[in-house]
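*Asks:* Provided below: data_12.cif, containing mmCIF, C-alpha atoms and all ligand atoms.
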data_run
#
loop_
_atom_site.label_atom_id
_atom_site.label_comp_id
_atom_site.auth_asym_id
_atom_site.auth_seq_id
_atom_site.Cartn_x
_atom_site.Cartn_y
_atom_site.Cartn_z
CA MET A 1298 -121.79 41.25 25.62
CA SER A 1299 -125.18 41.15 27.38
CA MET A 1300 -128.36 40.04 25.64
CA PRO A 1301 -130.70 42.72 24.29
CA GLN A 1302 -133.62 43.65 26.59
CA GLN A 1303 -135.93 44.17 23.64
CA VAL A 1304 -136.14 42.47 20.28
CA ARG A 1305 -137.95 43.53 17.13
CA LEU A 1306 -139.47 40.71 15.11
CA VAL A 1307 -139.81 41.36 11.40
CA GLU A 1308 -142.72 39.22 10.24
CA VAL A 1309 -141.97 38.00 6.74
CA GLY A 1310 -144.74 35.39 6.42
CA PRO A 1311 -146.92 37.29 3.93
CA ARG A 1312 -143.87 37.78 1.67
CA ASP A 1313 -141.18 35.15 2.25
CA GLY A 1314 -143.84 32.72 3.42
CA LEU A 1315 -146.36 33.03 0.61
CA GLN A 1316 -143.94 33.71 -2.29
CA ASN A 1317 -143.07 30.03 -2.39
CA GLU A 1318 -146.59 28.60 -2.41
CA LYS A 1319 -147.56 26.86 -5.63
CA GLN A 1320 -151.33 27.28 -5.29
CA PRO A 1321 -153.06 30.61 -5.95
CA ILE A 1322 -153.78 32.64 -2.81
CA SER A 1323 -156.45 35.31 -3.02
CA VAL A 1324 -155.82 38.93 -2.18
CA ALA A 1325 -158.48 38.61 0.54
CA ASP A 1326 -156.57 35.73 2.20
CA LYS A 1327 -153.31 37.70 2.10
CA VAL A 1328 -155.05 40.76 3.56
CA ARG A 1329 -156.57 38.68 6.35
CA LEU A 1330 -153.12 37.30 7.21
CA VAL A 1331 -151.54 40.76 7.38
CA ASP A 1332 -154.41 42.13 9.48
CA ASP A 1333 -154.26 39.13 11.83
CA LEU A 1334 -150.52 39.73 12.28
CA SER A 1335 -151.03 43.44 13.07
CA ALA A 1336 -153.69 42.46 15.58
CA ALA A 1337 -151.24 40.03 17.24
CA GLY A 1338 -148.89 42.94 17.97
CA LEU A 1339 -146.27 42.55 15.26
CA SER A 1340 -144.78 45.99 14.68
CA TYR A 1341 -143.17 45.21 11.35
CA ILE A 1342 -144.77 43.17 8.58
CA GLU A 1343 -143.33 42.47 5.14
CA VAL A 1344 -146.50 42.46 3.11
CA GLY A 1345 -145.32 41.60 -0.40
CA SER A 1346 -142.91 42.20 -3.28
CA PHE A 1347 -142.82 44.46 -6.30
CA VAL A 1348 -140.82 42.00 -8.37
CA SER A 1349 -141.37 40.61 -11.85
CA PRO A 1350 -144.59 38.53 -11.85
CA LYS A 1351 -142.87 36.23 -14.34
CA TRP A 1352 -140.25 35.46 -11.73
CA VAL A 1353 -142.49 35.25 -8.67
CA PRO A 1354 -146.16 34.97 -9.72
CA GLN A 1355 -147.41 34.65 -6.16
CA MET A 1356 -146.45 38.25 -5.33
CA ALA A 1357 -148.28 39.74 -8.32
CA GLY A 1358 -151.17 41.17 -6.28
CA SER A 1359 -149.03 43.09 -3.79
CA ALA A 1360 -150.44 46.52 -4.73
CA GLU A 1361 -154.00 45.26 -4.14
CA VAL A 1362 -152.96 43.80 -0.81
CA PHE A 1363 -151.48 47.12 0.29
CA ALA A 1364 -154.67 48.91 -0.76
CA ALA A 1365 -156.88 46.63 1.33
CA ILE A 1366 -154.99 46.08 4.60
CA GLN A 1367 -156.03 47.95 7.72
CA GLN A 1368 -152.84 49.82 8.49
CA GLN A 1369 -152.42 50.24 12.23
CA PRO A 1370 -150.51 53.14 13.79
CA GLY A 1371 -147.00 52.21 14.87
CA VAL A 1372 -146.79 49.25 12.48
CA THR A 1373 -144.40 49.26 9.51
CA TYR A 1374 -145.76 47.62 6.36
CA ALA A 1375 -142.89 46.92 3.98
CA ALA A 1376 -142.28 45.43 0.53
CA LEU A 1377 -139.36 44.11 -1.50
CA ALA A 1378 -138.17 46.14 -4.49
CA PRO A 1379 -135.43 44.67 -6.71
CA ASN A 1380 -135.08 47.63 -9.09
CA LEU A 1381 -136.42 51.11 -9.81
CA LYS A 1382 -139.50 49.71 -11.51
CA GLY A 1383 -140.31 47.79 -8.36
CA PHE A 1384 -139.64 50.83 -6.20
CA GLU A 1385 -141.99 52.94 -8.32
CA GLY A 1386 -144.69 50.28 -8.03
CA ALA A 1387 -144.25 50.27 -4.27
CA LEU A 1388 -144.39 54.05 -4.09
CA GLU A 1389 -147.58 54.12 -6.13
CA ALA A 1390 -149.09 51.60 -3.71
CA GLY A 1391 -148.26 53.97 -0.83
CA VAL A 1392 -145.49 51.81 0.65
CA LYS A 1393 -143.40 53.70 3.21
CA GLU A 1394 -140.59 51.19 3.60
CA VAL A 1395 -138.93 48.91 1.04
CA ALA A 1396 -136.22 46.29 1.14
CA VAL A 1397 -133.55 45.74 -1.49
CA PHE A 1398 -131.94 42.32 -1.69
CA ALA A 1399 -128.42 41.36 -2.64
CA ALA A 1400 -126.60 38.05 -2.30
CA ALA A 1401 -123.25 37.13 -0.78
CA SER A 1402 -122.54 34.70 -3.62
CA GLU A 1403 -122.38 35.34 -7.35
CA GLY A 1404 -124.23 32.12 -8.19
CA PHE A 1405 -127.28 33.03 -6.11
CA SER A 1406 -127.27 36.66 -7.27
CA GLN A 1407 -127.55 35.50 -10.89
CA LYS A 1408 -130.22 32.96 -10.10
CA ASN A 1409 -132.39 35.21 -7.93
CA ILE A 1410 -132.12 38.61 -9.60
CA ASN A 1411 -130.37 37.87 -12.88
CA CYS A 1412 -127.28 40.00 -12.33
CA SER A 1413 -123.91 40.01 -10.55
CA ILE A 1414 -123.46 41.30 -7.01
CA ALA A 1415 -121.76 44.47 -8.28
CA GLU A 1416 -124.56 45.07 -10.80
CA SER A 1417 -127.18 44.61 -8.10
CA LEU A 1418 -125.53 47.18 -5.86
CA GLN A 1419 -125.46 49.62 -8.80
CA ARG A 1420 -129.11 48.86 -9.51
CA PHE A 1421 -129.98 49.83 -5.94
CA GLU A 1422 -128.44 53.32 -6.27
CA PRO A 1423 -131.39 54.92 -8.11
CA ILE A 1424 -133.71 53.23 -5.59
CA MET A 1425 -131.77 54.79 -2.73
CA ALA A 1426 -131.89 58.23 -4.41
CA ALA A 1427 -135.64 57.99 -5.08
CA ALA A 1428 -136.25 56.68 -1.56
CA ARG A 1429 -134.42 59.66 -0.06
CA GLU A 1430 -136.46 62.02 -2.21
CA HIS A 1431 -139.76 60.44 -1.10
CA GLY A 1432 -138.87 59.82 2.53
CA VAL A 1433 -139.04 56.01 2.13
CA ARG A 1434 -136.83 53.94 4.42
CA VAL A 1435 -134.79 51.15 2.88
CA ARG A 1436 -133.76 47.92 4.53
CA GLY A 1437 -131.07 45.75 2.95
CA TYR A 1438 -130.95 41.96 2.71
CA ILE A 1439 -127.99 39.76 1.98
CA SER A 1440 -128.82 36.18 1.02
CA CYS A 1441 -126.66 33.09 1.41
CA VAL A 1442 -124.56 34.53 4.24
CA LEU A 1443 -123.78 31.07 5.64
CA GLY A 1444 -123.68 29.10 2.41
CA CYS A 1445 -124.95 29.11 -1.15
CA PRO A 1446 -126.87 26.35 -2.96
CA ILE A 1447 -124.76 27.00 -6.07
CA ASP A 1448 -121.34 28.26 -4.94
CA GLY A 1449 -121.04 26.45 -1.59
CA ASP A 1450 -119.05 28.13 1.19
CA VAL A 1451 -119.30 31.88 1.63
CA ALA A 1452 -116.59 33.91 3.42
CA PRO A 1453 -117.83 36.13 6.26
CA GLU A 1454 -115.52 38.86 4.93
CA GLN A 1455 -117.54 38.89 1.69
CA VAL A 1456 -120.75 39.35 3.69
CA ALA A 1457 -119.10 42.14 5.71
CA ALA A 1458 -118.06 44.00 2.55
CA ILE A 1459 -121.58 43.87 1.05
CA ALA A 1460 -123.18 44.87 4.35
CA ARG A 1461 -120.85 47.89 4.47
CA GLU A 1462 -121.84 48.87 0.92
CA LEU A 1463 -125.56 48.56 1.65
CA LEU A 1464 -125.29 50.70 4.78
CA ASP A 1465 -123.10 53.28 3.02
CA SER A 1466 -125.63 53.53 0.21
CA GLY A 1467 -128.37 54.43 2.72
CA CYS A 1468 -129.92 51.23 4.09
CA TYR A 1469 -130.73 51.74 7.77
CA GLU A 1470 -130.30 48.05 8.62
CA VAL A 1471 -128.95 44.91 6.97
CA SER A 1472 -130.63 41.55 7.41
CA LEU A 1473 -128.25 38.61 7.14
CA GLY A 1474 -130.04 35.75 5.41
CA ASP A 1475 -129.22 32.09 5.81
CA THR A 1476 -131.36 31.36 2.77
CA ILE A 1477 -130.84 27.61 2.78
CA GLY A 1478 -130.65 27.21 6.54
CA VAL A 1479 -127.29 25.44 6.59
CA GLY A 1480 -125.52 27.54 9.22
CA THR A 1481 -124.82 26.45 12.78
CA ALA A 1482 -124.47 28.50 15.96
CA GLY A 1483 -120.69 28.56 15.67
CA ASP A 1484 -120.82 29.79 12.06
CA THR A 1485 -123.35 32.42 13.09
CA ARG A 1486 -121.23 33.79 15.94
CA ARG A 1487 -118.20 33.93 13.69
CA LEU A 1488 -120.18 35.71 10.98
CA ILE A 1489 -121.46 38.37 13.37
CA GLU A 1490 -118.03 38.75 14.91
CA VAL A 1491 -116.50 39.42 11.46
CA VAL A 1492 -119.34 41.62 10.15
CA GLY A 1493 -119.48 43.39 13.52
CA ARG A 1494 -115.83 44.48 13.41
CA ASP A 1495 -116.73 47.44 11.27
CA ILE A 1496 -120.51 47.66 11.71
CA ASP A 1497 -122.46 48.37 14.86
CA ARG A 1498 -124.50 45.30 15.74
CA SER A 1499 -127.60 47.43 16.24
CA LEU A 1500 -127.61 47.79 12.44
CA LEU A 1501 -127.80 44.04 11.85
CA ALA A 1502 -130.71 41.60 11.72
CA GLY A 1503 -130.81 37.82 11.45
CA HIS A 1504 -132.93 35.97 8.86
CA PHE A 1505 -132.70 32.25 9.42
CA HIS A 1506 -134.45 29.66 7.32
CA ASP A 1507 -134.92 26.49 9.32
CA THR A 1508 -134.05 23.88 6.70
CA TYR A 1509 -131.58 22.04 8.93
CA GLY A 1510 -133.41 22.83 12.17
CA GLN A 1511 -130.72 25.26 13.32
CA ALA A 1512 -132.60 28.55 13.21
CA LEU A 1513 -133.44 28.92 16.92
CA ALA A 1514 -129.88 28.00 17.89
CA ASN A 1515 -128.63 30.59 15.41
CA ILE A 1516 -130.96 33.22 16.84
CA HIS A 1517 -129.74 32.46 20.33
CA ALA A 1518 -126.14 32.73 19.11
CA SER A 1519 -126.98 36.06 17.47
CA LEU A 1520 -128.58 37.34 20.69
CA LEU A 1521 -125.40 36.47 22.54
CA GLU A 1522 -123.56 38.59 19.96
CA GLY A 1523 -125.91 41.55 20.60
CA VAL A 1524 -128.19 41.30 17.55
CA ALA A 1525 -131.73 42.45 18.43
CA VAL A 1526 -133.76 42.16 15.21
CA PHE A 1527 -134.91 38.85 13.73
CA ASP A 1528 -136.99 37.99 10.70
CA SER A 1529 -139.46 35.15 11.11
CA SER A 1530 -142.49 33.74 9.43
CA VAL A 1531 -145.78 32.84 11.08
CA ALA A 1532 -146.33 29.05 11.05
CA GLY A 1533 -142.83 28.70 9.57
CA LEU A 1534 -144.20 29.39 6.09
CA GLY A 1535 -141.95 29.91 3.18
CA GLY A 1536 -138.74 29.42 1.32
CA CYS A 1537 -137.15 31.01 -1.69
CA PRO A 1538 -138.29 30.00 -5.16
CA TYR A 1539 -134.67 30.32 -6.33
CA ALA A 1540 -133.15 28.14 -3.59
CA LYS A 1541 -134.46 24.66 -4.27
CA GLY A 1542 -135.30 22.66 -1.16
CA ALA A 1543 -135.00 25.65 1.17
CA THR A 1544 -137.80 25.46 3.72
CA GLY A 1545 -139.52 28.26 5.52
CA ASN A 1546 -138.16 30.82 7.86
CA VAL A 1547 -138.07 29.98 11.49
CA ALA A 1548 -141.62 30.14 12.84
CA SER A 1549 -142.49 33.43 14.55
CA GLU A 1550 -144.33 31.56 17.32
CA ASP A 1551 -141.18 29.55 18.11
CA VAL A 1552 -138.99 32.65 18.22
CA LEU A 1553 -141.55 34.34 20.47
CA TYR A 1554 -141.49 31.36 22.83
CA LEU A 1555 -137.69 31.54 23.01
CA LEU A 1556 -137.74 35.29 23.65
CA ASN A 1557 -140.51 35.03 26.25
CA GLY A 1558 -138.44 32.41 28.05
CA LEU A 1559 -135.45 34.75 28.07
CA GLY A 1560 -137.61 37.59 29.46
CA ILE A 1561 -137.03 39.68 26.32
CA GLN A 1562 -139.83 42.11 25.43
CA THR A 1563 -141.56 42.02 22.03
CA GLY A 1564 -145.14 43.18 22.64
CA ILE A 1565 -146.54 40.20 20.71
CA ASP A 1566 -149.56 38.20 21.86
CA MET A 1567 -148.80 34.47 21.52
CA ALA A 1568 -152.43 33.32 21.40
CA ALA A 1569 -153.29 35.77 18.61
CA LEU A 1570 -150.15 34.83 16.68
CA VAL A 1571 -150.99 31.14 16.97
CA GLN A 1572 -154.47 31.85 15.61
CA ALA A 1573 -153.09 33.86 12.69
CA GLY A 1574 -150.81 30.94 11.80
CA GLN A 1575 -153.56 28.36 12.11
CA HIS A 1576 -155.89 30.37 9.93
CA ILE A 1577 -153.44 30.72 7.02
CA CYS A 1578 -152.46 27.05 7.30
CA ASN A 1579 -156.14 26.08 7.03
CA VAL A 1580 -156.48 28.31 3.97
CA LEU A 1581 -153.40 26.72 2.39
CA GLY A 1582 -154.39 23.23 3.53
CA LYS A 1583 -150.98 22.59 5.04
CA ASP A 1584 -149.59 21.52 8.37
CA ASN A 1585 -148.47 24.23 10.74
CA GLY A 1586 -144.65 24.45 10.79
CA SER A 1587 -144.51 25.97 14.27
CA ARG A 1588 -143.49 23.47 16.93
CA VAL A 1589 -144.89 25.74 19.64
CA THR A 1590 -148.28 25.94 17.93
CA ARG A 1591 -148.38 22.18 17.54
CA ALA A 1592 -147.50 21.71 21.21
CA LEU A 1593 -150.07 24.25 22.43
CA LEU A 1594 -152.83 22.75 20.29
CA ALA A 1595 -151.97 19.22 21.42
CA ARG A 1596 -152.18 20.40 25.05
CA GLU A 1597 -155.60 21.96 24.41
CA GLN A 1598 -156.84 18.72 22.87
CA ALA A 1599 -155.43 16.50 25.65
P1 LIG B 1 -134.85 40.47 -15.59
O1 LIG B 1 -135.62 39.50 -16.40
O2 LIG B 1 -133.38 40.52 -15.74
O3 LIG B 1 -135.46 41.94 -15.73
O4 LIG B 1 -135.22 40.19 -14.08
P2 LIG B 1 -135.62 42.92 -16.92
O5 LIG B 1 -135.33 44.29 -16.38
O6 LIG B 1 -134.90 42.43 -18.14
O7 LIG B 1 -137.22 42.84 -17.19
C1 LIG B 1 -137.83 41.67 -17.72
C2 LIG B 1 -139.34 41.81 -17.61
O8 LIG B 1 -139.75 41.93 -16.24
C3 LIG B 1 -139.88 43.07 -18.30
O9 LIG B 1 -141.21 42.76 -18.74
C4 LIG B 1 -139.98 44.05 -17.16
O10 LIG B 1 -140.93 45.08 -17.38
C5 LIG B 1 -140.43 43.18 -16.00
P3 LIG B 1 -141.51 42.35 -20.27
O11 LIG B 1 -140.98 43.50 -21.06
O12 LIG B 1 -140.74 41.07 -20.50
O13 LIG B 1 -142.98 42.16 -20.25
N1 LIG B 1 -139.99 43.69 -14.71
C6 LIG B 1 -140.83 43.90 -13.67
N2 LIG B 1 -142.15 43.72 -13.52
C7 LIG B 1 -142.70 44.06 -12.33
N3 LIG B 1 -141.95 44.52 -11.27
C8 LIG B 1 -140.63 44.70 -11.38
C9 LIG B 1 -140.02 44.39 -12.63
N4 LIG B 1 -138.75 44.45 -13.07
C10 LIG B 1 -138.75 44.03 -14.34
N5 LIG B 1 -139.92 45.15 -10.36
C11 LIG B 1 -135.62 41.02 -11.85
C12 LIG B 1 -134.67 40.96 -13.03
C13 LIG B 1 -134.85 41.60 -10.68
C14 LIG B 1 -136.81 41.91 -12.19
C15 LIG B 1 -136.13 39.57 -11.56
O14 LIG B 1 -135.02 38.74 -11.48
C16 LIG B 1 -136.94 39.48 -10.31
O15 LIG B 1 -138.05 40.00 -10.22
N6 LIG B 1 -136.42 38.76 -9.29
C17 LIG B 1 -137.07 38.64 -8.03
C18 LIG B 1 -136.75 37.31 -7.42
C19 LIG B 1 -137.40 37.21 -6.05
O16 LIG B 1 -138.36 37.92 -5.74
N7 LIG B 1 -136.89 36.29 -5.21
C20 LIG B 1 -137.43 36.07 -3.91
C21 LIG B 1 -137.19 37.20 -2.97
S1 LIG B 1 -135.54 37.24 -2.32
C22 LIG B 1 -135.58 36.10 -1.02
O17 LIG B 1 -136.53 35.40 -0.84
C23 LIG B 1 -134.41 36.07 -0.07
C24 LIG B 1 -134.70 36.79 1.25
O18 LIG B 1 -135.82 36.22 1.89
C25 LIG B 1 -133.48 36.68 2.17
C26 LIG B 1 -132.96 35.26 2.33
O19 LIG B 1 -133.72 34.35 2.68
O20 LIG B 1 -131.78 35.10 2.08
C27 LIG B 1 -135.00 38.27 1.04
MG MG B 2 -135.81 34.43 3.07
#
Output the file's structure as structure tokens, nothing else.
Ligand code: HMG
Ligand code: MG
*Replies:*
Amino acid sequence: MSMPQQVRLVEVGPRDGLQNEKQPISVADKVRLVDDLSAAGLSYIEVGSFVSPKWVPQMAGSAEVFAAIQQQPGVTYAALAPNLKGFEGALEAGVKEVAVFAAASEGFSQKNINCSIAESLQRFEPIMAAAREHGVRVRGYISCVLGCPIDGDVAPEQVAAIARELLDSGCYEVSLGDTIGVGTAGDTRRLIEVVGRDIDRSLLAGHFHDTYGQALANIHASLLEGVAVFDSSVAGLGGCPYAKGATGNVASEDVLYLLNGLGIQTGIDMAALVQAGQHICNVLGKDNGSRVTRALLAREQA
């Protein structure tokens, strides 16, 4: 299998990145981040979530964020929707693409969305029907594909079965999430090999949290298996509030550096992406999680 010539990066920083922050973040700061990311050439940005504010307070202002961002032509601005209520909120905010999220393990499903895997898939059905009616595209996530903080090991066959269900119900793509970042390159290749037996790899995406520092290796392993869509988070922001200790997604800047080195096209401007990451880190008062940004800034200062 040859490597893809082009890769689509799904920027999840404004959602996966900011959902985990303890401190309040203003709507204006979220809007600035999204607009900076569009300006850097990202073609897909996950802007927020229409989830219960009791569960994830940080995403409460997502409708206001959608109303204020400067939507650029050719850029997809998406949001998470866990149930019909969330979908309706997204629709009202003018969202054209949503993501539903299931888990590969029962323990995480209960903890994250308060229901079993089977119940979650049933809950998505009215979302899929409403999305069809309104011309909204739906992306599917599966969490804990390489391990669960509660249940431990997860069988690739289980991930394959849920991916099949999500695609059959109308998702156009399924993002495989290593929520707690435990997987290694060998696990990743095996996962894609098993999931890919019945599902075209062009319908799969990789979503690697970098908790154990394996995310870039896992992306490279996925590329070798023909996967061409990866989720990443500017400055490596993020984590999941329901997966204790899980750190951010792999940094978008670091993935871009890898892809640039492989000669794979993305259309993203590194300098602008670095600036977007630095700005939000300054706002949050935290260190930048991108190794590439840190290296580039150190070189500038030398
Ligand atoms: P529940 O408590 O079972 O829901 O939560 P419920 O239907 O019983 O409703 C309880 C209350 O929430 C009610 O309000 C509802 O109106 C309200 P009350 O009557 O008590 O005032 N409510 C809502 N409010 C706003 N928007 C909604 C909504 N739904 C209900 N959509 C529920 C079930 C799914 C709502 C909850 O568990 C939830 O919101 N979970 C979201 C958790 C989350 O966002 N996790 C992080 C994102 S997933 C992730 O990070 C993983 C990923 O990155 C991939 C990876 O890394 O693996 C995607
Ligand atoms: Mg995630």
*Asks:* Can you pull out every residue within 9 Å of segment 1305-1320 of chain A, counting only C-alpha atoms, but drop anything in the same chain fewer than 3 positions away, and send it as a count of residues only?
*Replies:* 42
*Asks:* Return the single residue from A:Ile1414, A:Ala1599, A:Leu1388, A:Ala1540 that is closest to ligand MG 2 (chain B), with distances computed using only C-alpha atoms and all ligand atoms.
*Replies:*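 The closest residue to ligand MG 2 (chain B) is A:Ala1540.
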*Asks:* Find the distance between atom CA of Ile1565 of chain A and atom CA of Gly1371 of chain A and write it in Å to one decimal.
*Replies:*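 Between these atoms lies a distance of 13.4 Å.
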*Asks:* To one decimal place, how far is atom CA of Gln1303 of chain A from atom CA of Thr1544 of chain A in Å?
*Replies:*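 Separating atom CA of Gln1303 of chain A from atom CA of Thr1544 of chain A is a distance of 27.4 Å.
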*Asks:* So the first atom is atom CA of Val1395 of chain A and the second is atom CA of Ala1375 of chain A; what is the distance between them in Å, to one decimal place?
*Replies:*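 Computing it gives 5.3 Å between the two atoms.
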*Asks:* Which is closer to ligand LIG 1 (chain B) than all the others in A:Glu1470, A:Asp1326, A:Glu1385, A:Asp1450, using all atoms listed in the file?
*Replies:* A:Glu1385
*Asks:* So that I can check the surroundings of Gly1474 of chain A, please list as a PDB file with C-alpha atoms, keeping the file's coordinate frame every protein, DNA and RNA residue that reaches within 8 Å of it, counting only C-alpha atoms and ignoring chain neighbours fewer than 4 positions away.
*Replies:*
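Saved as result22.pdb:
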ATOM      1  CA  TYR A1438    -130.950  41.960   2.710  1.00  0.00           C
ATOM      2  CA  ILE A1439    -127.990  39.760   1.980  1.00  0.00           C
ATOM      3  CA  SER A1440    -128.820  36.180   1.020  1.00  0.00           C
ATOM      4  CA  CYS A1441    -126.660  33.090   1.410  1.00  0.00           C
ATOM      5  CA  VAL A1442    -124.560  34.530   4.240  1.00  0.00           C
ATOM      6  CA  LEU A1443    -123.780  31.070   5.640  1.00  0.00           C
ATOM      7  CA  GLY A1503    -130.810  37.820  11.450  1.00  0.00           C
ATOM      8  CA  HIS A1504    -132.930  35.970   8.860  1.00  0.00           C
ATOM      9  CA  PHE A1505    -132.700  32.250   9.420  1.00  0.00           C
ATOM     10  CA  HIS A1506    -134.450  29.660   7.320  1.00  0.00           C
TER      11      HIS A1506
END
